[in-house]
$ cat start-v3.cif   # mmCIF, C-alpha atoms
data_structure
#
loop_
_atom_site.label_atom_id
_atom_site.label_comp_id
_atom_site.auth_asym_id
_atom_site.auth_seq_id
_atom_site.Cartn_x
_atom_site.Cartn_y
_atom_site.Cartn_z
CA MET G 98 52.19 -24.01 -15.80
CA ASN G 99 51.52 -26.92 -18.01
CA PRO G 100 47.79 -27.08 -18.71
CA MET G 101 47.98 -30.80 -19.53
CA PRO G 102 50.18 -32.40 -16.93
CA THR G 103 50.83 -36.02 -17.60
CA GLY G 104 50.94 -39.18 -15.53
CA ASP G 105 52.55 -38.65 -12.19
CA HIS G 106 52.04 -34.92 -12.41
CA VAL G 107 48.27 -35.17 -12.51
CA MET G 108 48.17 -37.31 -9.40
CA LYS G 109 50.62 -35.12 -7.53
CA HIS G 110 48.73 -32.06 -8.57
CA GLN G 111 45.37 -33.27 -7.42
CA SER G 112 46.37 -35.14 -4.33
CA THR G 113 48.33 -32.19 -3.00
CA ARG G 114 45.73 -29.53 -3.57
CA SER G 115 45.12 -27.73 -0.31
CA PRO G 116 43.53 -24.53 0.98
CA ALA G 117 47.02 -23.13 1.47
CA GLU G 118 47.29 -22.79 -2.27
CA ALA G 119 44.63 -20.14 -2.31
CA GLY G 120 47.21 -17.86 -0.73
CA SER G 121 49.31 -17.77 -3.86
CA ALA G 122 46.45 -16.47 -5.95
CA THR G 123 45.97 -13.46 -3.71
CA GLY G 124 49.54 -12.45 -4.35
CA ARG G 125 50.42 -12.80 -0.70
CA ALA G 126 54.03 -13.73 -0.62
CA PRO G 127 54.94 -16.78 1.37
CA SER G 128 57.56 -15.63 3.85
CA ALA G 129 60.37 -17.96 4.75
CA GLY G 130 58.25 -19.11 7.68
CA THR G 131 55.18 -20.28 5.87
CA THR G 132 54.79 -23.19 3.57
CA PRO G 133 55.52 -22.08 0.03
CA ALA G 134 52.61 -22.90 -2.25
CA GLU G 135 53.38 -22.96 -5.93
CA PRO G 136 52.03 -24.73 -8.95
CA GLN G 137 53.97 -27.69 -10.29
CA SER G 138 56.49 -26.77 -12.99
CA SER G 139 56.17 -28.36 -16.42
CA PRO G 140 59.04 -30.52 -17.71
CA LEU G 141 59.83 -27.84 -20.29
CA ALA G 142 60.06 -25.14 -17.64
CA LEU G 143 62.30 -27.43 -15.58
CA LEU G 144 64.61 -27.77 -18.56
CA GLY G 145 64.70 -23.96 -18.64
CA TYR G 146 65.71 -23.78 -14.96
CA LEU G 147 68.38 -26.39 -15.58
CA LEU G 148 69.83 -24.33 -18.44
CA ILE G 149 69.75 -21.04 -16.52
CA GLY G 150 71.49 -22.82 -13.64
CA THR G 151 74.14 -24.22 -15.98
CA TYR G 152 74.73 -20.76 -17.42
CA LEU G 153 75.14 -19.38 -13.88
CA GLY G 154 77.47 -22.20 -12.81
CA VAL G 155 79.84 -21.51 -15.70
CA ILE G 156 79.94 -17.79 -14.85
CA PHE G 157 80.41 -18.54 -11.15
CA VAL G 158 83.51 -20.61 -11.86
CA GLN G 159 85.09 -18.58 -14.66
CA SER G 160 84.63 -15.25 -12.86
CA GLU G 161 86.19 -16.89 -9.78
CA VAL G 162 83.45 -15.73 -7.39
CA VAL G 163 83.44 -19.30 -6.07
CA SER G 164 87.04 -18.89 -4.97
CA TRP G 165 88.03 -18.68 -1.29
CA PHE G 166 90.88 -16.44 -2.46
CA ARG G 167 88.48 -13.97 -4.06
CA ILE G 168 86.29 -13.85 -0.95
CA GLN G 169 89.35 -13.07 1.15
CA GLU G 170 90.35 -10.38 -1.35
CA MET G 171 86.85 -8.89 -1.00
CA PHE G 172 86.73 -8.88 2.79
CA ARG G 173 90.20 -7.27 2.82
CA PHE G 174 89.02 -4.57 0.38
CA GLN G 175 92.02 -5.29 -1.85
CA SER G 176 90.29 -5.59 -5.20
CA PHE G 177 87.21 -4.23 -6.92
CA HIS G 178 86.47 -7.58 -8.58
CA MET G 179 83.79 -8.96 -6.21
CA TYR G 180 82.26 -5.54 -5.56
CA GLY G 181 82.06 -4.91 -9.29
CA ILE G 182 80.38 -8.27 -9.87
CA ILE G 183 77.81 -7.98 -7.08
CA GLY G 184 77.22 -4.29 -7.79
CA SER G 185 76.69 -4.65 -11.53
CA ALA G 186 74.56 -7.76 -11.00
CA VAL G 187 72.31 -5.74 -8.67
CA VAL G 188 72.06 -2.87 -11.17
CA VAL G 189 71.16 -5.17 -14.06
CA ALA G 190 68.69 -7.11 -11.90
CA ALA G 191 67.07 -3.90 -10.60
CA LEU G 192 66.73 -2.39 -14.09
CA SER G 193 65.26 -5.66 -15.39
CA VAL G 194 62.74 -5.83 -12.55
CA GLN G 195 61.70 -2.24 -13.22
CA VAL G 196 61.21 -2.93 -16.93
CA ILE G 197 59.19 -6.08 -16.15
CA LYS G 198 57.02 -4.19 -13.65
CA ARG G 199 56.42 -1.16 -15.88
CA LEU G 200 55.53 -3.26 -18.88
CA GLY G 201 53.31 -5.48 -16.72
CA MET G 202 54.89 -8.55 -18.27
CA GLU G 203 53.73 -12.10 -17.48
CA SER G 204 55.87 -15.15 -17.09
CA ALA G 205 55.96 -17.68 -19.90
CA THR G 206 54.08 -20.11 -17.67
CA GLY G 207 51.52 -17.58 -16.44
CA GLU G 208 52.70 -17.09 -12.84
CA PRO G 209 52.43 -13.60 -11.38
CA LEU G 210 55.64 -11.63 -11.64
CA GLN G 211 56.62 -10.27 -8.28
CA LEU G 212 59.42 -10.51 -5.80
CA ASN G 213 58.39 -11.58 -2.32
CA PRO G 214 58.53 -8.66 0.06
CA LYS G 215 60.72 -9.48 3.06
CA GLU G 216 58.96 -9.02 6.37
CA TRP G 217 60.45 -7.29 9.37
CA GLY G 218 59.16 -9.98 11.72
CA ASP G 219 57.58 -9.71 15.13
CA SER G 220 60.64 -9.53 17.35
CA ARG G 221 60.92 -6.77 19.92
CA VAL G 222 64.19 -6.00 18.20
CA PRO G 223 63.15 -5.01 14.67
CA GLY G 224 64.68 -7.13 11.97
CA ALA G 225 66.51 -9.35 14.45
CA ARG G 226 66.58 -12.24 12.00
CA TYR G 227 68.26 -10.15 9.33
CA TRP G 228 71.17 -8.83 11.31
CA ILE G 229 71.72 -11.84 13.57
CA GLY G 230 71.17 -14.39 10.80
CA GLY G 231 73.07 -12.21 8.35
CA THR G 232 76.08 -11.94 10.63
CA LEU G 233 76.14 -15.70 11.27
CA PHE G 234 75.94 -16.27 7.52
CA GLY G 235 78.79 -13.80 6.96
CA VAL G 236 80.99 -15.69 9.43
CA GLY G 237 80.30 -18.90 7.55
CA TRP G 238 80.81 -17.27 4.16
CA ALA G 239 84.25 -15.95 5.11
CA LEU G 240 85.36 -19.24 6.68
CA LEU G 241 84.20 -21.48 3.86
CA GLY G 242 84.82 -18.92 1.12
CA ALA G 243 81.60 -20.00 -0.54
CA CYS G 244 77.91 -19.27 -0.20
CA PRO G 245 75.24 -21.82 -1.17
CA GLY G 246 75.40 -21.36 -4.98
CA PRO G 247 79.18 -21.65 -5.16
CA ILE G 248 79.09 -24.79 -2.98
CA PHE G 249 77.24 -26.54 -5.83
CA ALA G 250 79.45 -25.03 -8.55
CA LEU G 251 82.61 -26.08 -6.68
CA LEU G 252 81.26 -29.62 -6.27
CA GLY G 253 80.65 -29.71 -10.01
CA SER G 254 84.12 -28.39 -10.73
CA GLY G 255 85.51 -31.47 -9.01
CA ILE G 256 86.35 -30.14 -5.54
CA THR G 257 84.81 -33.08 -3.74
CA VAL G 258 85.54 -31.90 -0.20
CA MET G 259 82.70 -29.42 -0.76
CA ALA G 260 80.40 -32.40 -0.16
CA ALA G 261 81.42 -32.12 3.50
CA ALA G 262 80.58 -28.41 3.39
CA LEU G 263 77.20 -29.16 1.81
CA LEU G 264 76.38 -31.76 4.46
CA SER G 265 77.39 -29.26 7.14
CA ALA G 266 75.19 -26.59 5.54
CA LEU G 267 72.29 -29.06 5.56
CA ALA G 268 73.00 -29.77 9.23
CA GLY G 269 72.96 -26.01 9.87
CA THR G 270 69.65 -25.67 8.06
CA TRP G 271 68.21 -28.55 10.07
CA ALA G 272 69.50 -27.05 13.34
CA TYR G 273 67.85 -23.75 12.46
CA SER G 274 64.59 -25.56 11.73
CA VAL G 275 64.68 -27.16 15.19
CA LEU G 276 65.64 -23.95 17.02
CA ARG G 277 63.39 -21.69 14.96
CA PRO G 278 60.55 -21.43 17.54
CA HIS G 279 63.05 -20.20 20.15
CA LEU G 280 64.88 -17.63 18.03
CA PRO G 281 63.97 -13.95 17.73
CA HIS G 282 62.61 -13.07 14.30
CA MET J 75 91.21 -5.33 -21.93
CA LEU J 76 91.20 -8.54 -23.94
CA GLU J 77 90.46 -11.62 -21.90
CA SER J 78 90.54 -15.09 -23.32
CA LEU J 79 87.78 -17.44 -22.23
CA SER J 80 90.13 -19.07 -19.78
CA GLY J 81 91.20 -15.91 -18.03
CA PRO J 82 89.24 -14.64 -15.05
CA TRP J 83 86.11 -13.16 -16.57
CA PRO J 84 86.16 -9.45 -15.72
CA TRP J 85 83.56 -8.08 -13.31
CA TYR J 86 81.82 -5.99 -15.97
CA VAL J 87 81.09 -9.14 -17.96
CA ALA J 88 80.33 -11.57 -15.13
CA GLY J 89 78.26 -9.19 -12.98
CA PRO J 90 75.68 -8.21 -15.62
CA LEU J 91 75.43 -11.83 -16.81
CA ILE J 92 74.68 -12.91 -13.22
CA GLY J 93 72.17 -10.06 -12.84
CA LEU J 94 70.26 -11.35 -15.87
CA VAL J 95 69.42 -14.53 -13.98
CA VAL J 96 66.83 -12.48 -12.04
CA PRO J 97 64.69 -11.56 -15.09
CA PHE J 98 65.32 -14.99 -16.68
CA LEU J 99 63.75 -16.77 -13.67
CA LEU J 100 60.95 -14.21 -13.35
CA LEU J 101 60.03 -14.44 -17.01
CA LEU J 102 60.26 -18.20 -17.23
CA GLY J 103 58.07 -19.04 -14.25
CA GLY J 104 57.70 -16.06 -11.93
CA LYS J 105 60.49 -17.46 -9.75
CA VAL J 106 62.67 -15.40 -7.44
CA PHE J 107 66.44 -15.93 -7.55
CA GLY J 108 67.41 -17.43 -4.19
CA ILE J 109 69.68 -20.43 -3.89
CA SER J 110 69.78 -21.20 -0.16
CA SER J 111 66.11 -22.31 -0.10
CA ASN J 112 67.43 -25.47 -1.71
CA LEU J 113 69.12 -26.43 1.54
CA ARG J 114 65.68 -26.36 3.18
CA HIS J 115 64.14 -28.34 0.33
CA MET J 116 66.89 -30.97 0.64
CA CYS J 117 66.31 -31.28 4.38
CA ALA J 118 62.57 -31.53 3.79
CA ALA J 119 63.22 -34.24 1.21
CA ALA J 120 65.43 -36.27 3.55
CA PRO J 121 64.10 -39.82 3.85
CA THR J 122 63.57 -39.70 7.60
CA PRO J 123 60.37 -40.47 9.51
CA GLU J 124 58.00 -37.50 9.44
CA SER J 125 58.08 -37.29 13.22
CA TRP J 126 61.82 -36.51 13.14
CA LYS J 127 61.21 -33.42 11.10
CA PRO J 128 60.62 -30.05 12.76
CA ALA J 129 57.51 -28.21 11.53
CA PHE J 130 59.66 -25.92 9.36
CA LEU J 131 60.67 -28.93 7.27
CA ASN J 132 57.19 -30.42 6.91
CA TYR J 133 55.86 -29.06 3.66
CA GLU J 134 55.42 -30.16 0.08
CA TRP J 135 59.04 -29.65 -0.92
CA LYS J 136 58.50 -31.11 -4.35
CA ARG J 137 55.83 -28.63 -5.27
CA ALA J 138 57.63 -25.66 -3.73
CA GLY J 139 61.17 -26.52 -4.62
CA ILE J 140 61.51 -28.79 -7.63
CA TRP J 141 62.21 -25.83 -9.92
CA ASN J 142 64.93 -24.53 -7.61
CA LEU J 143 66.49 -27.96 -7.09
CA THR J 144 66.62 -28.34 -10.87
CA PHE J 145 68.18 -24.89 -11.11
CA VAL J 146 70.87 -25.82 -8.57
CA LEU J 147 71.54 -29.09 -10.40
CA GLY J 148 72.26 -26.80 -13.35
CA ILE J 149 74.74 -24.81 -11.26
CA PHE J 150 76.50 -28.09 -10.45
CA LEU J 151 76.59 -29.02 -14.15
CA GLY J 152 77.80 -25.53 -15.01
CA GLY J 153 80.70 -25.92 -12.58
CA PHE J 154 81.56 -29.22 -14.23
CA LEU J 155 81.35 -27.84 -17.79
CA ALA J 156 83.30 -24.69 -16.90
CA VAL J 157 86.26 -26.77 -15.82
CA GLN J 158 85.97 -29.45 -18.53
CA LEU J 159 85.49 -27.08 -21.47
CA ILE J 160 87.39 -23.98 -20.41
CA GLY J 161 89.65 -25.09 -17.58
CA MET J 162 90.14 -24.73 -13.85
CA PRO J 163 90.65 -21.03 -13.12
CA ASP J 164 93.84 -20.18 -11.28
CA ALA J 165 92.27 -17.71 -8.88
CA GLY J 166 95.09 -18.10 -6.38
CA SER J 167 97.52 -16.47 -8.79
CA HIS J 168 95.02 -13.88 -10.05
CA ILE J 169 94.30 -12.22 -6.70
CA SER J 170 95.95 -8.96 -5.76
CA GLU J 171 99.52 -8.95 -4.45
CA ALA J 172 98.29 -7.47 -1.18
CA THR J 173 95.88 -10.36 -0.56
CA ARG J 174 98.55 -12.90 -1.42
CA ALA J 175 100.98 -11.25 0.98
CA ASP J 176 98.38 -11.14 3.77
CA LEU J 177 97.47 -14.80 3.28
CA GLN J 178 101.12 -15.84 3.12
CA ALA J 179 101.66 -14.02 6.40
CA LEU J 180 98.87 -16.18 7.84
CA GLY J 181 100.68 -19.30 6.66
CA VAL J 182 98.76 -20.12 3.47
CA GLN J 183 101.19 -21.78 1.06
CA GLU J 184 99.15 -23.10 -1.85
CA PHE J 185 98.12 -20.42 -4.34
CA SER J 186 96.77 -22.34 -7.29
CA GLY J 187 93.25 -23.21 -8.32
CA LEU J 188 90.10 -21.91 -6.67
CA LEU J 189 90.90 -22.81 -3.06
CA PRO J 190 94.09 -23.16 -1.01
CA ALA J 191 94.69 -26.90 -1.15
CA ASP J 192 96.54 -26.83 2.17
CA LEU J 193 93.31 -25.76 3.91
CA PHE J 194 90.61 -27.41 1.79
CA SER J 195 91.06 -31.13 1.26
CA TRP J 196 89.63 -34.32 2.70
CA GLY J 197 92.83 -34.65 4.74
CA SER J 198 92.41 -31.20 6.25
CA LEU J 199 89.06 -32.30 7.68
CA LEU J 200 91.11 -34.17 10.26
CA SER J 201 92.74 -30.95 11.49
CA PRO J 202 91.02 -28.40 13.76
CA VAL J 203 91.61 -25.65 11.17
CA GLY J 204 90.04 -27.63 8.34
CA LEU J 205 87.11 -28.58 10.56
CA VAL J 206 86.39 -24.96 11.46
CA LEU J 207 86.72 -23.75 7.85
CA ILE J 208 84.78 -26.51 6.10
CA VAL J 209 82.38 -27.94 8.67
CA GLY J 210 82.02 -24.83 10.85
CA GLY J 211 81.80 -22.53 7.83
CA GLY J 212 79.33 -24.81 6.06
CA PHE J 213 77.14 -25.15 9.15
CA LEU J 214 76.93 -21.38 9.65
CA VAL J 215 76.24 -20.79 5.97
CA GLY J 216 73.24 -23.13 6.24
CA PHE J 217 72.07 -21.88 9.63
CA GLY J 218 72.60 -18.18 8.91
CA ALA J 219 71.07 -18.22 5.44
CA ARG J 220 67.83 -19.76 6.70
CA TYR J 221 67.72 -17.56 9.81
CA ALA J 222 68.26 -14.45 7.68
CA GLY J 223 65.78 -15.76 5.10
CA GLY J 224 68.24 -15.71 2.23
CA CYS J 225 71.85 -15.76 1.13
CA THR J 226 73.91 -13.72 -1.30
CA SER J 227 71.52 -14.39 -4.18
CA GLY J 228 68.26 -13.86 -2.29
CA HIS J 229 69.28 -10.80 -0.27
CA ALA J 230 72.32 -9.16 -1.89
CA ILE J 231 71.01 -9.52 -5.44
CA SER J 232 67.23 -10.18 -5.54
CA GLY J 233 66.41 -8.23 -2.36
CA ILE J 234 68.57 -5.18 -2.96
CA ALA J 235 67.59 -5.05 -6.64
CA ASP J 236 63.99 -4.74 -5.37
CA LEU J 237 65.10 -2.05 -2.88
CA GLN J 238 64.10 -4.06 0.18
CA LEU J 239 65.44 -2.64 3.42
CA PRO J 240 65.52 -5.99 5.29
CA SER J 241 67.85 -7.32 2.59
CA LEU J 242 70.17 -4.36 3.07
CA VAL J 243 70.28 -5.11 6.82
CA ALA J 244 71.06 -8.76 6.05
CA VAL J 245 73.88 -7.79 3.66
CA ILE J 246 75.36 -5.45 6.26
CA GLY J 247 75.25 -8.48 8.58
CA PHE J 248 77.01 -10.62 5.93
CA PHE J 249 79.84 -8.11 5.87
CA ALA J 250 79.99 -7.66 9.64
CA GLY J 251 80.40 -11.43 9.98
CA GLY J 252 82.92 -11.64 7.14
CA LEU J 253 85.08 -8.87 8.56
CA LEU J 254 84.94 -10.45 12.00
CA VAL J 255 86.34 -13.67 10.56
CA THR J 256 88.89 -12.05 8.24
CA PHE J 257 90.42 -9.72 10.81
CA GLY J 258 89.56 -11.48 14.08
CA LEU J 259 89.12 -15.23 13.75
CA LEU J 260 91.39 -16.18 10.82
CA PRO J 261 94.56 -14.71 12.37
CA LEU J 262 93.82 -16.68 15.55
CA LEU J 263 92.96 -19.84 13.63
CA LEU J 264 95.83 -19.84 11.13
CA GLY J 265 98.41 -17.87 13.09
#
$ encode --input "start-v3.cif" --output "structure tokens"
Amino acid sequence: MNPMPTGDHVMKHQSTRSPAEAGSATGRAPSAGTTPAEPQSSPLALLGYLLIGTYLGVIFVQSEVVSWFRIQEMFRFQSFHMYGIIGSAVVVAALSVQVIKRLGMESATGEPLQLNPKEWGDSRVPGARYWIGGTLFGVGWALLGACPGPIFALLGSGITVMAAALLSALAGTWAYSVLRPHLPH
Amino acid sequence: MLESLSGPWPWYVAGPLIGLVVPFLLLLGGKVFGISSNLRHMCAAAPTPESWKPAFLNYEWKRAGIWNLTFVLGIFLGGFLAVQLIGMPDAGSHISEATRADLQALGVQEFSGLLPADLFSWGSLLSPVGLVLIVGGGFLVGFGARYAGGCTSGHAISGIADLQLPSLVAVIGFFAGGLLVTFGLLPLLLG
């Protein structure tokens, strides 16, 4: 992170310091249930995230993975296109992660390099959140023909009705947040 | 196979380029590729009284999520630039003949652009079908992604690339749900 944060950043940084942050230094991954604690990103790093996102948005649209038609084609097993994209993305990501781990590389901003291990949860049914939540997500994915990333890419591409989908997705997220204490995880 | 920039980018180009996002984010700031967390950050950032917010949305979203919100703003910009500089892809006419025939049998008539315009438009929000597809689909994408702790990027790509079993279970769930809709619900809805 930026060693010399300026103006607003300094105040944010100091006023928001809390014991919870100590957790990030131990390498304990914040699960989806706990409050994520991360250092503030520098403006330069943010520009980097913006550019990586832009790169991804262009690929999303031009490879047509944001297309409802392509999602239907995938769920009907009638083309290799989507499987090839997800499969080769996983292979490249996995190889990259291995290289990064083996070389013990550090991030440009000094954060530890590790993926957060997913936890099985404490439900009597092991992994309940993954198969129940996953299935609900799959139903939504097939109906809408877009997962969260593509929703933003489609909005950018000028398909404004995706704003209604985004608002609905936010409503779904909010509903989950309310029901969370009552759901098996 | 020679593809012009405006054709559908083949899987063996697009897939590896998408996979590289994982090391890019790790190397830039130790961040894990996962887009659906942004929906949580946006809810947490909503300008409502604190007391309205469930505990799950009470956290320092700016600190935790500003990088990811910036990233997703980039995805939005990328979608804009892709269409402005290269053009709107005609996915509807690029899909396989079999898919086209199946969708036609379900009553889909518009096969141009990225989405069937007869199902996805502001006007279709007034019909039960459009409501289920756009509002129902969107709601479940948001609900399911947070319940499962990730979406396609977080589980299918980041999680599986790190050989995490929970992510594999989630992805099997994604497909179970997708197949249920494709072969069970859509024929009822559109038929």
$ resolve_selection --input "start-v3.cif" --expression "the PyMOL selection byres ((chain G and resi 160) around 7)" --output "tab-separated table (two decimals) with C-alpha atoms, in the frame of the given file"
chain	number	residue	atom	x	y	z
G	156	ILE	CA	79.94	-17.79	-14.85
G	157	PHE	CA	80.41	-18.54	-11.15
G	158	VAL	CA	83.51	-20.61	-11.86
G	159	GLN	CA	85.09	-18.58	-14.66
G	161	GLU	CA	86.19	-16.89	-9.78
G	162	VAL	CA	83.45	-15.73	-7.39
J	82	PRO	CA	89.24	-14.64	-15.05
J	83	TRP	CA	86.11	-13.16	-16.57
J	84	PRO	CA	86.16	-9.45	-15.72
J	88	ALA	CA	80.33	-11.57	-15.13
$ resolve_selection --input "start-v3.cif" --expression "the PyMOL selection byres ((chain J and resi 114) around 12)" --output "number ranges by chain"
G: 129-130, 132-133, 245, 263, 266-274; J: 108-113, 115-120, 127-136, 138-140, 142-143, 216-217, 219-221, 223-224
$ atom_distance --input "start-v3.cif" --atom1 "CA of Gly153 in chain J" --atom2 "CA of Phe194 in chain J"
17.5 Å
$ resolve_selection --input "start-v3.cif" --expression "the PyMOL selection byres ((chain J and resi 208) around 12)" --output "PyMOL selection string"
(chain G and resi 165+236-244+248+257-266) or (chain J and resi 189+193-207+209-215)
$ atom_distance --input "start-v3.cif" --atom1 "CA of Leu147 in chain J" --atom2 "CA of Lys215 in chain G"
26.1 Å
$ closest_residue --input "start-v3.cif" --among "J:Val87, J:Ala191, J:Gly247, J:Phe98" --to "chain G" --atoms "all atoms listed in the file"
J:Gly247
$ atom_distance --input "start-v3.cif" --atom1 "CA of Ala186 in chain G" --atom2 "CA of Ile92 in chain J"
5.6 Å
$ residues_around --input "start-v3.cif" --residues "Gly235 in chain G" --least-positions-apart "6" --cutoff "9 Å" --atoms "all atoms listed in the file" --output "compact mmCIF listing (two decimals) with C-alpha atoms, in the coordinates of the input"
# COMPACT_ATOMS: atom_id res chain seq x y z
CA LEU J 214 76.93 -21.38 9.65
CA VAL J 215 76.24 -20.79 5.97
CA GLY J 218 72.60 -18.18 8.91
CA VAL J 245 73.88 -7.79 3.66
CA GLY J 247 75.25 -8.48 8.58
CA PHE J 248 77.01 -10.62 5.93
CA PHE J 249 79.84 -8.11 5.87
CA ALA J 250 79.99 -7.66 9.64
CA GLY J 251 80.40 -11.43 9.98
CA GLY J 252 82.92 -11.64 7.14
CA LEU J 253 85.08 -8.87 8.56
CA LEU J 254 84.94 -10.45 12.00
CA VAL J 255 86.34 -13.67 10.56
$ residues_around --input "start-v3.cif" --residues "Gln175 in chain G" --least-positions-apart "3" --cutoff "8 Å" --atoms "all atoms listed in the file" --output "VMD selection string"
(chain G and resid 170 to 172) or (chain J and resid 170 172 to 173)
$ residues_around --input "start-v3.cif" --residues "Ile234 in chain J" --least-positions-apart "6" --cutoff "12 Å" --atoms "only C-alpha atoms" --output "PyMOL selection string"
(chain G and resi 183-192+194+212+214-215) or (chain J and resi 93+96+107+224-228+240-246)
$ residues_around --input "start-v3.cif" --residues "Leu153 in chain G" --least-positions-apart "2" --cutoff "8 Å" --atoms "all atoms listed in the file" --output "PyMOL selection string"
(chain G and resi 149-151+155-157) or (chain J and resi 92+95+148-149+152)
$ closest_residue --input "start-v3.cif" --among "J:Ala179, J:Ile169, J:Met162, J:Leu259" --to "Ala250 in chain G" --atoms "only C-alpha atoms"
J:Met162
$ closest_atom_pairs --input "start-v3.cif" --of "range 180-268 of chain G" --to "range 182-187 of chain J" --cutoff "12 Å" --atoms "all atoms listed in the file" --output "Markdown table"
| residue | atom | partner | partner_atom | distance |
| --- | --- | --- | --- | --- |
| G:Leu251 | CA | J:Gly187 | CA | 11.1 |
| G:Ser254 | CA | J:Gly187 | CA | 10.8 |
| G:Gly255 | CA | J:Gly187 | CA | 11.3 |
| G:Ile256 | CA | J:Gly187 | CA | 10.2 |
$ closest_residue --input "start-v3.cif" --among "G:Leu280, G:Leu148, G:Leu143, G:Val275" --to "Val222 in chain G" --atoms "only C-alpha atoms"
G:Leu280
$ build_atoms --input "start-v3.cif" --residues "range 163-177 of chain G" --atoms "N, CA and C atoms" --output "PDB file, in the coordinates of the input"
ATOM      1  N   VAL G 163      83.530 -18.117  -6.936  1.00  0.00           N
ATOM      2  CA  VAL G 163      83.440 -19.300  -6.070  1.00  0.00           C
ATOM      3  C   VAL G 163      84.752 -19.544  -5.331  1.00  0.00           C
ATOM      4  N   SER G 164      85.715 -18.645  -5.531  1.00  0.00           N
ATOM      5  CA  SER G 164      87.040 -18.890  -4.970  1.00  0.00           C
ATOM      6  C   SER G 164      87.198 -18.311  -3.568  1.00  0.00           C
ATOM      7  N   TRP G 165      87.711 -19.126  -2.659  1.00  0.00           N
ATOM      8  CA  TRP G 165      88.030 -18.680  -1.290  1.00  0.00           C
ATOM      9  C   TRP G 165      88.994 -17.490  -1.358  1.00  0.00           C
ATOM     10  N   PHE G 166      89.927 -17.539  -2.327  1.00  0.00           N
ATOM     11  CA  PHE G 166      90.880 -16.440  -2.460  1.00  0.00           C
ATOM     12  C   PHE G 166      90.169 -15.126  -2.775  1.00  0.00           C
ATOM     13  N   ARG G 167      89.198 -15.185  -3.671  1.00  0.00           N
ATOM     14  CA  ARG G 167      88.480 -13.970  -4.060  1.00  0.00           C
ATOM     15  C   ARG G 167      87.642 -13.408  -2.921  1.00  0.00           C
ATOM     16  N   ILE G 168      87.094 -14.308  -2.086  1.00  0.00           N
ATOM     17  CA  ILE G 168      86.290 -13.850  -0.950  1.00  0.00           C
ATOM     18  C   ILE G 168      87.204 -13.155   0.060  1.00  0.00           C
ATOM     19  N   GLN G 169      88.388 -13.723   0.262  1.00  0.00           N
ATOM     20  CA  GLN G 169      89.350 -13.070   1.150  1.00  0.00           C
ATOM     21  C   GLN G 169      89.748 -11.695   0.611  1.00  0.00           C
ATOM     22  N   GLU G 170      89.984 -11.643  -0.698  1.00  0.00           N
ATOM     23  CA  GLU G 170      90.350 -10.380  -1.350  1.00  0.00           C
ATOM     24  C   GLU G 170      89.241  -9.337  -1.116  1.00  0.00           C
ATOM     25  N   MET G 171      87.978  -9.807  -1.195  1.00  0.00           N
ATOM     26  CA  MET G 171      86.850  -8.890  -1.000  1.00  0.00           C
ATOM     27  C   MET G 171      86.800  -8.379   0.425  1.00  0.00           C
ATOM     28  N   PHE G 172      86.863  -9.308   1.400  1.00  0.00           N
ATOM     29  CA  PHE G 172      86.730  -8.880   2.790  1.00  0.00           C
ATOM     30  C   PHE G 172      87.942  -8.053   3.249  1.00  0.00           C
ATOM     31  N   ARG G 173      89.038  -8.114   2.493  1.00  0.00           N
ATOM     32  CA  ARG G 173      90.200  -7.270   2.820  1.00  0.00           C
ATOM     33  C   ARG G 173      90.206  -5.985   1.998  1.00  0.00           C
ATOM     34  N   PHE G 174      89.167  -5.782   1.201  1.00  0.00           N
ATOM     35  CA  PHE G 174      89.020  -4.570   0.380  1.00  0.00           C
ATOM     36  C   PHE G 174      90.250  -4.340  -0.504  1.00  0.00           C
ATOM     37  N   GLN G 175      90.785  -5.420  -1.088  1.00  0.00           N
ATOM     38  CA  GLN G 175      92.020  -5.290  -1.850  1.00  0.00           C
ATOM     39  C   GLN G 175      91.814  -5.431  -3.359  1.00  0.00           C
ATOM     40  N   SER G 176      90.573  -5.559  -3.773  1.00  0.00           N
ATOM     41  CA  SER G 176      90.290  -5.590  -5.200  1.00  0.00           C
ATOM     42  C   SER G 176      88.836  -5.178  -5.414  1.00  0.00           C
ATOM     43  N   PHE G 177      88.573  -4.640  -6.594  1.00  0.00           N
ATOM     44  CA  PHE G 177      87.210  -4.230  -6.920  1.00  0.00           C
ATOM     45  C   PHE G 177      86.403  -5.395  -7.489  1.00  0.00           C
TER      46      PHE G 177
END
